[in-house]
Amino acid sequence: MVHEPVTVHALINGEKVDTKDKITRENPSNPSEIVGYAPLNTKEDTVRAIDAADEAFKTWRNSSLEERIERMQRAIKRLQDSQKEITELLSREHGKPVYDSEGELYVSIAWMEHACKTAKDVIGDDVREDENGTTIIRHDPIGVVSAIAPWNYPISLSTIKVAPALLAGNTIVVKPSPLAPLAVTMVLDIIAEEFPPGVVNVLNGEADVGIELTSNPKVMKIAFTGGTETGRKIMEAAAPTVKELTLELGGNDPAIMLPSFDPNDEKAMRRLVVSNFLTAGEICMIAKRIYVPRSMHDQFVEKYIEAANKWVRVGDPFNRDVTLGPVNNKKQKDYVQELVDDAQANGAEIHTLGEILDPELFEKGYFMQPTLVVGAKQEDRIVKEEQFGPTVPIVAYDDVDEAVHLANDSIFGLTSSVWGDDQEAIEVAARIEAGTTMINTAAIQGLDVRYEFGGVKQSGVGREYGEQGLKSYVNIHIINNPNMKDLPHIPE
């Protein structure tokens, strides 16, 4: 089916703004098809958007929490009513299957609803009275927030920032990725229409936009999801004006299979396969390296391949039988293939997985057949680097202490998982250096928006979701009215 290209616009101070130059977004399943166009905004556009957000903040900061929640709930209802249009556009521009796009919007709305439900308890004013006097703990808005989102989950990784920022009384300027700008801009337009002009501003562009968003002195906080190298640059840009930061960066998430894990457990093995290859492996929190007891290795490989061959079906994202679509872009596809080739050159065995449902389409697009890399070594690039694509290496270990050491042998510490007897797995999980460790599941299957998410080491700064996901968008302001105004030991 041929679709007319969609055109989205920048949003500055409540007005849709067009640009002469455009970002062209192709269909990863068929790169000759143009899905749509986004504006190529400039530094000057960015300054205008930040100025508009700064001006709007002067009024919006005084709005009541009740009003903010009511407006957000109206936006949620409209997103639910627009689900089909949003998710189909996301699948066309991104390449993820429709069920996956629906899941992304579902998680986004679940977080927005949870944020609305808990906002009063978490960031409402807290008045405490006792024999010492009265103390008011206020949660004041920070100011203008810059939100920069990646291409892999553009909607959820934008709304994870937008919802708490607005509920806290901030204004925001959002920059989606040029590799998935269309559906998320549609979502942000819907949200913006429920708020006063200038509260939500949206720009699409390249590095010059990002530089202004991270260095402009009127920006008080930066919320970024993306690569660690870019995160380092953002920290540098933020330093001169000491901006607040929430950075969710790269991950190279280990999965430890304990000796108590049963490779014959088909449901558990399916969960593992999904945790490796959902969204074609393009998820920051996906299980990216598997550690298996040497004594179990051969049996595990056999059962893993069986499970993968049952679940992995590569093809058209709009075919409901498909579980994996193409990689989002050619650069990422080439990088993942480079890692696989490097592992093979270093002696690893490469096992292709699953079924290609449409060979003709497969040759057109940025498709990759998922691979299991057997015989990988800890020092191989495919183990040390974040693949962010449809491949996963297996590394054998001799005892659990070694497995924990290998899992922690990384500059990253986003998520991890331990598989086997529950109690033993929990004990091992406590030894892993990560922001989140999941037991007998991994990736989005183990995500709970009620609790904080973020990384340690070079996987990030701060947390999203949970109470901290709201509190990271406020300044704590103590108003203290003590009964004893003077200290008793100060002389007259």
# chains A, B, ... in the order shown; residues from 1 in each chain; ligands from 1
$ closest_atom_pairs --of "segment 348-398 of chain A" --to "segment 23-42 of chain A" --cutoff "9 Å" --atoms "only C-alpha atoms" --output "JSON lines"
{"residue": "A:Leu361", "atom": "CA", "partner": "A:Ser29", "partner_atom": "CA", "distance": 7.1}
{"residue": "A:Phe362", "atom": "CA", "partner": "A:Ser29", "partner_atom": "CA", "distance": 7.6}
{"residue": "A:Lys364", "atom": "CA", "partner": "A:Asn30", "partner_atom": "CA", "distance": 5.6}
{"residue": "A:Gly365", "atom": "CA", "partner": "A:Ser29", "partner_atom": "CA", "distance": 4.3}
{"residue": "A:Tyr366", "atom": "CA", "partner": "A:Pro28", "partner_atom": "CA", "distance": 5.6}
{"residue": "A:Phe367", "atom": "CA", "partner": "A:Ser29", "partner_atom": "CA", "distance": 7.1}
$ select_by_dssp --residues "segment 102-272 of chain A" --states "helix (DSSP H, G or I)" --output "NGL selection string"
:A and (102-123 or 156-167 or 182-192 or 207-215 or 228-241 or 266-272)
$ residues_around --residues "segment 425-440 of chain A" --least-positions-apart "2" --cutoff "7 Å" --atoms "only C-alpha atoms" --output "ChimeraX atom specification"
/A:404,408,413-423,442,446,453-456
$ closest_residue --among "A:Val461, A:Leu272, A:Leu105, A:Leu65" --to "Lys120 of chain A" --atoms "only C-alpha atoms"
A:Leu65
$ residues_around --residues "Glu131 of chain A" --least-positions-apart "5" --cutoff "10 Å" --atoms "only C-alpha atoms" --output "PDB file with C-alpha atoms, in the first residue's frame"
ATOM      1  CA  PRO A 482      10.464  27.548  63.875  1.00  0.00           C
ATOM      2  CA  ASN A 483       8.854  28.251  67.238  1.00  0.00           C
ATOM      3  CA  MET A 484      12.211  29.234  68.673  1.00  0.00           C
TER       4      MET A 484
END
$ select_by_dssp --residues "segment 209-397 of chain A" --states "strand (DSSP E)" --output "PyMOL selection string"
chain A and resi 219-225+244-248+253-257+287-293+313-314+349-352+355-356+371-374+391-397
$ closest_atom_pairs --of "segment 271-341 of chain A" --to "segment 376-397 of chain A" --cutoff "10 Å" --atoms "only C-alpha atoms" --output "Markdown table"
| residue | atom | partner | partner_atom | distance |
| --- | --- | --- | --- | --- |
| A:Val273 | CA | A:Val392 | CA | 9.6 |
| A:Asn276 | CA | A:Val392 | CA | 6.7 |
| A:Phe277 | CA | A:Pro390 | CA | 5.6 |
| A:Leu278 | CA | A:Pro390 | CA | 8.5 |
| A:Thr279 | CA | A:Gly389 | CA | 8.4 |
| A:Ala280 | CA | A:Pro390 | CA | 4.9 |
| A:Gly281 | CA | A:Gly389 | CA | 4.3 |
| A:Glu282 | CA | A:Phe388 | CA | 4.6 |
| A:Ile283 | CA | A:Phe388 | CA | 6.5 |
| A:Cys284 | CA | A:Phe388 | CA | 7.3 |
| A:Met285 | CA | A:Phe388 | CA | 9.7 |
| A:Ile286 | CA | A:Phe388 | CA | 8.5 |
| A:Ala287 | CA | A:Val392 | CA | 8.1 |
| A:Lys288 | CA | A:Val392 | CA | 5.7 |
| A:Arg289 | CA | A:Pro393 | CA | 5.3 |
| A:Ile290 | CA | A:Ile394 | CA | 4.8 |
| A:Tyr291 | CA | A:Val395 | CA | 4.9 |
| A:Val292 | CA | A:Ala396 | CA | 5.0 |
| A:Pro293 | CA | A:Tyr397 | CA | 5.0 |
| A:Arg294 | CA | A:Ala396 | CA | 5.0 |
| A:Ser295 | CA | A:Ala396 | CA | 8.7 |
| A:Met296 | CA | A:Ala396 | CA | 8.8 |
| A:His297 | CA | A:Ala396 | CA | 6.7 |
| A:Asp298 | CA | A:Ala396 | CA | 9.9 |
| A:Phe300 | CA | A:Ile394 | CA | 9.8 |
| A:Val301 | CA | A:Ile394 | CA | 8.5 |
| A:Leu324 | CA | A:Pro390 | CA | 9.0 |
| A:Pro326 | CA | A:Pro390 | CA | 9.4 |
| A:Val327 | CA | A:Gly389 | CA | 7.0 |
| A:Asn328 | CA | A:Gly389 | CA | 9.3 |
| A:Gln332 | CA | A:Gly389 | CA | 7.5 |
| A:Lys333 | CA | A:Gly389 | CA | 7.4 |
| A:Tyr335 | CA | A:Gln387 | CA | 7.9 |
| A:Val336 | CA | A:Gln387 | CA | 5.9 |
| A:Gln337 | CA | A:Thr391 | CA | 8.9 |
| A:Glu338 | CA | A:Ile382 | CA | 9.1 |
| A:Leu339 | CA | A:Ile382 | CA | 5.3 |
| A:Val340 | CA | A:Ile382 | CA | 6.8 |
| A:Asp341 | CA | A:Ile382 | CA | 9.4 |
$ write_last_selection --atoms "N, CA, C and O atoms" --output "compact mmCIF listing (two decimals), in the first residue's frame"
# COMPACT_ATOMS: atom_id res chain seq x y z
N VAL A 273 14.97 -14.99 24.48
CA VAL A 273 15.06 -14.64 23.06
C VAL A 273 14.42 -13.27 22.81
O VAL A 273 14.98 -12.42 22.12
N ASN A 276 16.51 -10.46 23.87
CA ASN A 276 17.66 -10.21 22.99
C ASN A 276 17.28 -9.49 21.70
O ASN A 276 18.08 -8.69 21.18
N PHE A 277 16.07 -9.75 21.18
CA PHE A 277 15.78 -9.33 19.80
C PHE A 277 14.55 -8.45 19.62
O PHE A 277 14.26 -8.05 18.49
N LEU A 278 13.82 -8.13 20.69
CA LEU A 278 12.71 -7.19 20.54
C LEU A 278 13.22 -5.88 19.93
O LEU A 278 14.30 -5.41 20.26
N THR A 279 12.41 -5.31 19.04
CA THR A 279 12.79 -4.07 18.32
C THR A 279 14.12 -4.25 17.60
O THR A 279 14.96 -3.35 17.54
N ALA A 280 14.33 -5.46 17.06
CA ALA A 280 15.57 -5.79 16.34
C ALA A 280 16.81 -5.54 17.19
O ALA A 280 17.88 -5.24 16.69
N GLY A 281 16.65 -5.69 18.52
CA GLY A 281 17.79 -5.51 19.42
C GLY A 281 18.16 -4.07 19.67
O GLY A 281 19.19 -3.80 20.31
N GLU A 282 17.34 -3.14 19.23
CA GLU A 282 17.68 -1.72 19.31
C GLU A 282 17.05 -1.07 20.56
O GLU A 282 16.29 -0.12 20.48
N ILE A 283 17.39 -1.61 21.71
CA ILE A 283 16.87 -1.12 22.97
C ILE A 283 18.04 -1.00 23.95
O ILE A 283 18.86 -1.92 24.06
N CYS A 284 18.09 0.11 24.67
CA CYS A 284 19.20 0.33 25.60
C CYS A 284 19.24 -0.73 26.69
O CYS A 284 20.31 -1.11 27.17
N MET A 285 18.07 -1.24 27.10
CA MET A 285 17.99 -2.16 28.23
C MET A 285 17.82 -3.61 27.80
O MET A 285 17.43 -4.46 28.60
N ILE A 286 18.12 -3.92 26.56
CA ILE A 286 17.97 -5.30 26.10
C ILE A 286 19.17 -6.14 26.57
O ILE A 286 20.25 -5.61 26.84
N ALA A 287 18.97 -7.45 26.71
CA ALA A 287 20.07 -8.33 27.13
C ALA A 287 21.04 -8.49 25.96
O ALA A 287 20.69 -9.08 24.94
N LYS A 288 22.26 -7.98 26.11
CA LYS A 288 23.19 -7.89 24.97
C LYS A 288 24.35 -8.87 25.03
O LYS A 288 25.13 -8.97 24.08
N ARG A 289 24.52 -9.59 26.14
CA ARG A 289 25.57 -10.62 26.25
C ARG A 289 25.11 -11.65 27.26
O ARG A 289 24.63 -11.31 28.33
N ILE A 290 25.26 -12.91 26.90
CA ILE A 290 24.74 -14.01 27.71
C ILE A 290 25.92 -14.80 28.28
O ILE A 290 26.82 -15.23 27.53
N TYR A 291 25.90 -15.02 29.60
CA TYR A 291 26.94 -15.81 30.26
C TYR A 291 26.32 -17.14 30.71
O TYR A 291 25.32 -17.16 31.44
N VAL A 292 26.93 -18.24 30.26
CA VAL A 292 26.36 -19.57 30.45
C VAL A 292 27.41 -20.48 31.10
O VAL A 292 28.59 -20.45 30.71
N PRO A 293 27.02 -21.32 32.09
CA PRO A 293 27.98 -22.27 32.66
C PRO A 293 28.56 -23.17 31.57
O PRO A 293 27.84 -23.66 30.70
N ARG A 294 29.85 -23.37 31.65
CA ARG A 294 30.50 -24.18 30.61
C ARG A 294 29.90 -25.58 30.53
O ARG A 294 29.76 -26.15 29.45
N SER A 295 29.51 -26.12 31.69
CA SER A 295 28.95 -27.48 31.72
C SER A 295 27.58 -27.55 31.04
O SER A 295 27.14 -28.63 30.64
N MET A 296 26.90 -26.42 30.91
CA MET A 296 25.58 -26.36 30.31
C MET A 296 25.63 -25.85 28.87
O MET A 296 24.63 -25.88 28.15
N HIS A 297 26.78 -25.39 28.43
CA HIS A 297 26.90 -24.59 27.22
C HIS A 297 26.25 -25.22 25.99
O HIS A 297 25.40 -24.61 25.32
N ASP A 298 26.62 -26.45 25.67
CA ASP A 298 26.15 -27.05 24.42
C ASP A 298 24.64 -27.26 24.44
O ASP A 298 23.95 -27.01 23.44
N PHE A 300 22.51 -25.57 26.21
CA PHE A 300 21.89 -24.24 26.18
C PHE A 300 21.83 -23.72 24.75
O PHE A 300 20.79 -23.22 24.31
N VAL A 301 22.92 -23.83 24.01
CA VAL A 301 22.95 -23.35 22.63
C VAL A 301 21.88 -24.05 21.79
O VAL A 301 21.14 -23.42 21.02
N LEU A 324 10.09 -9.31 14.03
CA LEU A 324 11.20 -8.37 13.86
C LEU A 324 11.12 -7.68 12.51
O LEU A 324 10.93 -8.35 11.48
N PRO A 326 13.06 -4.35 10.12
CA PRO A 326 14.43 -4.02 9.76
C PRO A 326 15.13 -3.25 10.86
O PRO A 326 14.50 -2.77 11.81
N VAL A 327 16.43 -3.12 10.75
CA VAL A 327 17.19 -2.17 11.56
C VAL A 327 16.78 -0.77 11.11
O VAL A 327 16.42 -0.55 9.95
N ASN A 328 16.82 0.19 12.01
CA ASN A 328 16.29 1.51 11.73
C ASN A 328 17.01 2.24 10.60
O ASN A 328 16.38 2.97 9.83
N GLN A 332 23.53 1.92 11.29
CA GLN A 332 23.46 0.97 12.40
C GLN A 332 23.58 -0.46 11.91
O GLN A 332 24.24 -1.29 12.53
N LYS A 333 22.94 -0.75 10.79
CA LYS A 333 23.04 -2.10 10.21
C LYS A 333 24.50 -2.43 9.90
O LYS A 333 24.98 -3.53 10.23
N TYR A 335 27.18 -1.21 11.24
CA TYR A 335 27.95 -1.34 12.47
C TYR A 335 27.74 -2.72 13.10
O TYR A 335 28.71 -3.38 13.51
N VAL A 336 26.49 -3.16 13.16
CA VAL A 336 26.20 -4.47 13.75
C VAL A 336 26.86 -5.57 12.93
O VAL A 336 27.46 -6.51 13.48
N GLN A 337 26.79 -5.47 11.62
CA GLN A 337 27.42 -6.47 10.75
C GLN A 337 28.93 -6.49 10.95
O GLN A 337 29.56 -7.56 10.94
N GLU A 338 29.51 -5.33 11.17
CA GLU A 338 30.96 -5.22 11.43
C GLU A 338 31.33 -6.00 12.70
O GLU A 338 32.36 -6.70 12.74
N LEU A 339 30.52 -5.90 13.74
CA LEU A 339 30.79 -6.62 14.98
C LEU A 339 30.67 -8.12 14.78
O LEU A 339 31.48 -8.90 15.31
N VAL A 340 29.68 -8.56 14.04
CA VAL A 340 29.49 -9.99 13.76
C VAL A 340 30.68 -10.52 12.96
O VAL A 340 31.24 -11.58 13.26
N ASP A 341 31.08 -9.78 11.93
CA ASP A 341 32.22 -10.19 11.09
C ASP A 341 33.50 -10.26 11.92
O ASP A 341 34.32 -11.18 11.75
$ residues_around --residues "Val145 of chain A" --least-positions-apart "6" --cutoff "8 Å" --atoms "only C-alpha atoms" --output "list in words"
Ala165, Asn170, Thr171, Ile172, Val173, Val219, Met220, Lys221, Ile222 and Ala223 of chain A
$ write_last_selection --atoms "N, CA and C atoms" --output "mmCIF file, in the first residue's frame"
data_model
loop_
_atom_site.group_PDB
_atom_site.id
_atom_site.type_symbol
_atom_site.label_atom_id
_atom_site.label_comp_id
_atom_site.auth_asym_id
_atom_site.auth_seq_id
_atom_site.Cartn_x
_atom_site.Cartn_y
_atom_site.Cartn_z
ATOM 1 N N ALA A 165 7.998 16.833 33.588
ATOM 2 C CA ALA A 165 8.395 18.237 33.463
ATOM 3 C C ALA A 165 7.183 19.153 33.539
ATOM 4 N N ASN A 170 7.217 23.046 34.855
ATOM 5 C CA ASN A 170 8.261 23.528 33.956
ATOM 6 C C ASN A 170 7.706 23.739 32.555
ATOM 7 N N THR A 171 8.465 24.404 31.726
ATOM 8 C CA THR A 171 8.219 24.428 30.289
ATOM 9 C C THR A 171 9.322 23.632 29.614
ATOM 10 N N ILE A 172 9.104 23.255 28.345
ATOM 11 C CA ILE A 172 10.017 22.290 27.741
ATOM 12 C C ILE A 172 10.202 22.554 26.257
ATOM 13 N N VAL A 173 11.401 22.254 25.792
ATOM 14 C CA VAL A 173 11.716 22.236 24.351
ATOM 15 C C VAL A 173 12.221 20.833 24.041
ATOM 16 N N VAL A 219 18.229 27.664 29.680
ATOM 17 C CA VAL A 219 17.868 26.270 29.949
ATOM 18 C C VAL A 219 18.398 25.896 31.330
ATOM 19 N N MET A 220 17.493 25.428 32.190
ATOM 20 C CA MET A 220 17.851 25.102 33.573
ATOM 21 C C MET A 220 18.130 23.610 33.775
ATOM 22 N N LYS A 221 17.561 22.770 32.903
ATOM 23 C CA LYS A 221 17.753 21.323 33.036
ATOM 24 C C LYS A 221 17.797 20.669 31.671
ATOM 25 N N ILE A 222 18.631 19.650 31.542
ATOM 26 C CA ILE A 222 18.720 18.861 30.318
ATOM 27 C C ILE A 222 18.331 17.425 30.645
ATOM 28 N N ALA A 223 17.419 16.865 29.870
ATOM 29 C CA ALA A 223 17.053 15.452 29.983
ATOM 30 C C ALA A 223 17.385 14.793 28.650
#
$ closest_residue --among "A:Glu355, A:Glu67, A:Glu236, A:Glu212" --to "Ala147 of chain A" --atoms "only C-alpha atoms"
A:Glu212
$ residues_around --residues "Val199 of chain A" --least-positions-apart "5" --cutoff "9 Å" --atoms "only C-alpha atoms" --output "list of chain:residue names"
A:Asn13, A:Gly14, A:Ala52, A:Ala53, A:Asp54, A:Ala56, A:Phe57, A:Trp60, A:Val144, A:Leu166, A:Asn170, A:Thr171, A:Ile172, A:Val173, A:Ala192
$ write_last_selection --atoms "N, CA and C atoms" --output "mmCIF file, in the first residue's frame"
data_model
loop_
_atom_site.group_PDB
_atom_site.id
_atom_site.type_symbol
_atom_site.label_atom_id
_atom_site.label_comp_id
_atom_site.auth_asym_id
_atom_site.auth_seq_id
_atom_site.Cartn_x
_atom_site.Cartn_y
_atom_site.Cartn_z
ATOM 1 N N ASN A 13 6.095 28.396 20.591
ATOM 2 C CA ASN A 13 5.130 29.302 21.217
ATOM 3 C C ASN A 13 3.707 29.082 20.706
ATOM 4 N N GLY A 14 3.358 27.820 20.501
ATOM 5 C CA GLY A 14 2.003 27.480 20.090
ATOM 6 C C GLY A 14 1.742 27.572 18.606
ATOM 7 N N ALA A 52 10.662 31.450 24.043
ATOM 8 C CA ALA A 52 9.217 31.273 24.227
ATOM 9 C C ALA A 52 8.930 30.452 25.477
ATOM 10 N N ALA A 53 9.710 29.402 25.688
ATOM 11 C CA ALA A 53 9.531 28.576 26.880
ATOM 12 C C ALA A 53 9.844 29.372 28.146
ATOM 13 N N ASP A 54 10.865 30.187 28.081
ATOM 14 C CA ASP A 54 11.246 31.008 29.231
ATOM 15 C C ASP A 54 10.152 32.015 29.582
ATOM 16 N N ALA A 56 6.901 31.730 28.756
ATOM 17 C CA ALA A 56 5.718 30.986 29.209
ATOM 18 C C ALA A 56 5.878 30.505 30.643
ATOM 19 N N PHE A 57 7.105 30.211 31.042
ATOM 20 C CA PHE A 57 7.364 29.714 32.388
ATOM 21 C C PHE A 57 6.938 30.720 33.457
ATOM 22 N N TRP A 60 3.212 29.892 33.693
ATOM 23 C CA TRP A 60 2.895 28.486 33.897
ATOM 24 C C TRP A 60 3.376 27.985 35.257
ATOM 25 N N VAL A 144 13.084 26.182 32.324
ATOM 26 C CA VAL A 144 13.056 25.643 30.967
ATOM 27 C C VAL A 144 13.852 24.337 30.925
ATOM 28 N N LEU A 166 6.124 18.820 32.814
ATOM 29 C CA LEU A 166 4.938 19.672 32.792
ATOM 30 C C LEU A 166 4.156 19.578 34.101
ATOM 31 N N ASN A 170 7.217 23.046 34.855
ATOM 32 C CA ASN A 170 8.261 23.528 33.956
ATOM 33 C C ASN A 170 7.706 23.739 32.555
ATOM 34 N N THR A 171 8.465 24.404 31.726
ATOM 35 C CA THR A 171 8.219 24.428 30.289
ATOM 36 C C THR A 171 9.322 23.632 29.614
ATOM 37 N N ILE A 172 9.104 23.255 28.345
ATOM 38 C CA ILE A 172 10.017 22.290 27.741
ATOM 39 C C ILE A 172 10.202 22.554 26.257
ATOM 40 N N VAL A 173 11.401 22.254 25.792
ATOM 41 C CA VAL A 173 11.716 22.236 24.351
ATOM 42 C C VAL A 173 12.221 20.833 24.041
ATOM 43 N N ALA A 192 0.807 19.271 23.326
ATOM 44 C CA ALA A 192 0.971 20.730 23.382
ATOM 45 C C ALA A 192 -0.358 21.458 23.272
#
$ closest_residue --among "A:Val200, A:Leu89, A:Ala75, A:Leu406" --to "Gly169 of chain A" --atoms "only C-alpha atoms"
A:Val200
$ atom_distance --atom1 "atom CA of Ile211 of chain A" --atom2 "atom CA of Asp51 of chain A"
15.5 Å
$ residues_around --residues "Phe224 of chain A" --least-positions-apart "6" --cutoff "7 Å" --atoms "only C-alpha atoms" --output "NGL selection string"
:A and (147-149 or 246-248)
$ write_last_selection --atoms "C-alpha atoms" --output "PDB file, in the first residue's frame"
ATOM      1  CA  ALA A 147      14.594  17.171  26.258  1.00  0.00           C
ATOM      2  CA  ILE A 148      16.579  15.269  23.631  1.00  0.00           C
ATOM      3  CA  ALA A 149      15.196  11.878  22.599  1.00  0.00           C
ATOM      4  CA  THR A 246      19.230  13.516  33.735  1.00  0.00           C
ATOM      5  CA  LEU A 247      21.222  11.341  31.341  1.00  0.00           C
ATOM      6  CA  GLU A 248      20.189   7.823  30.354  1.00  0.00           C
TER       7      GLU A 248
END
$ atom_distance --atom1 "atom CA of Tyr473 of chain A" --atom2 "atom CA of Thr87 of chain A"
28.2 Å
$ atom_distance --atom1 "atom CA of Ser158 of chain A" --atom2 "atom CA of Arg48 of chain A"
20.6 Å
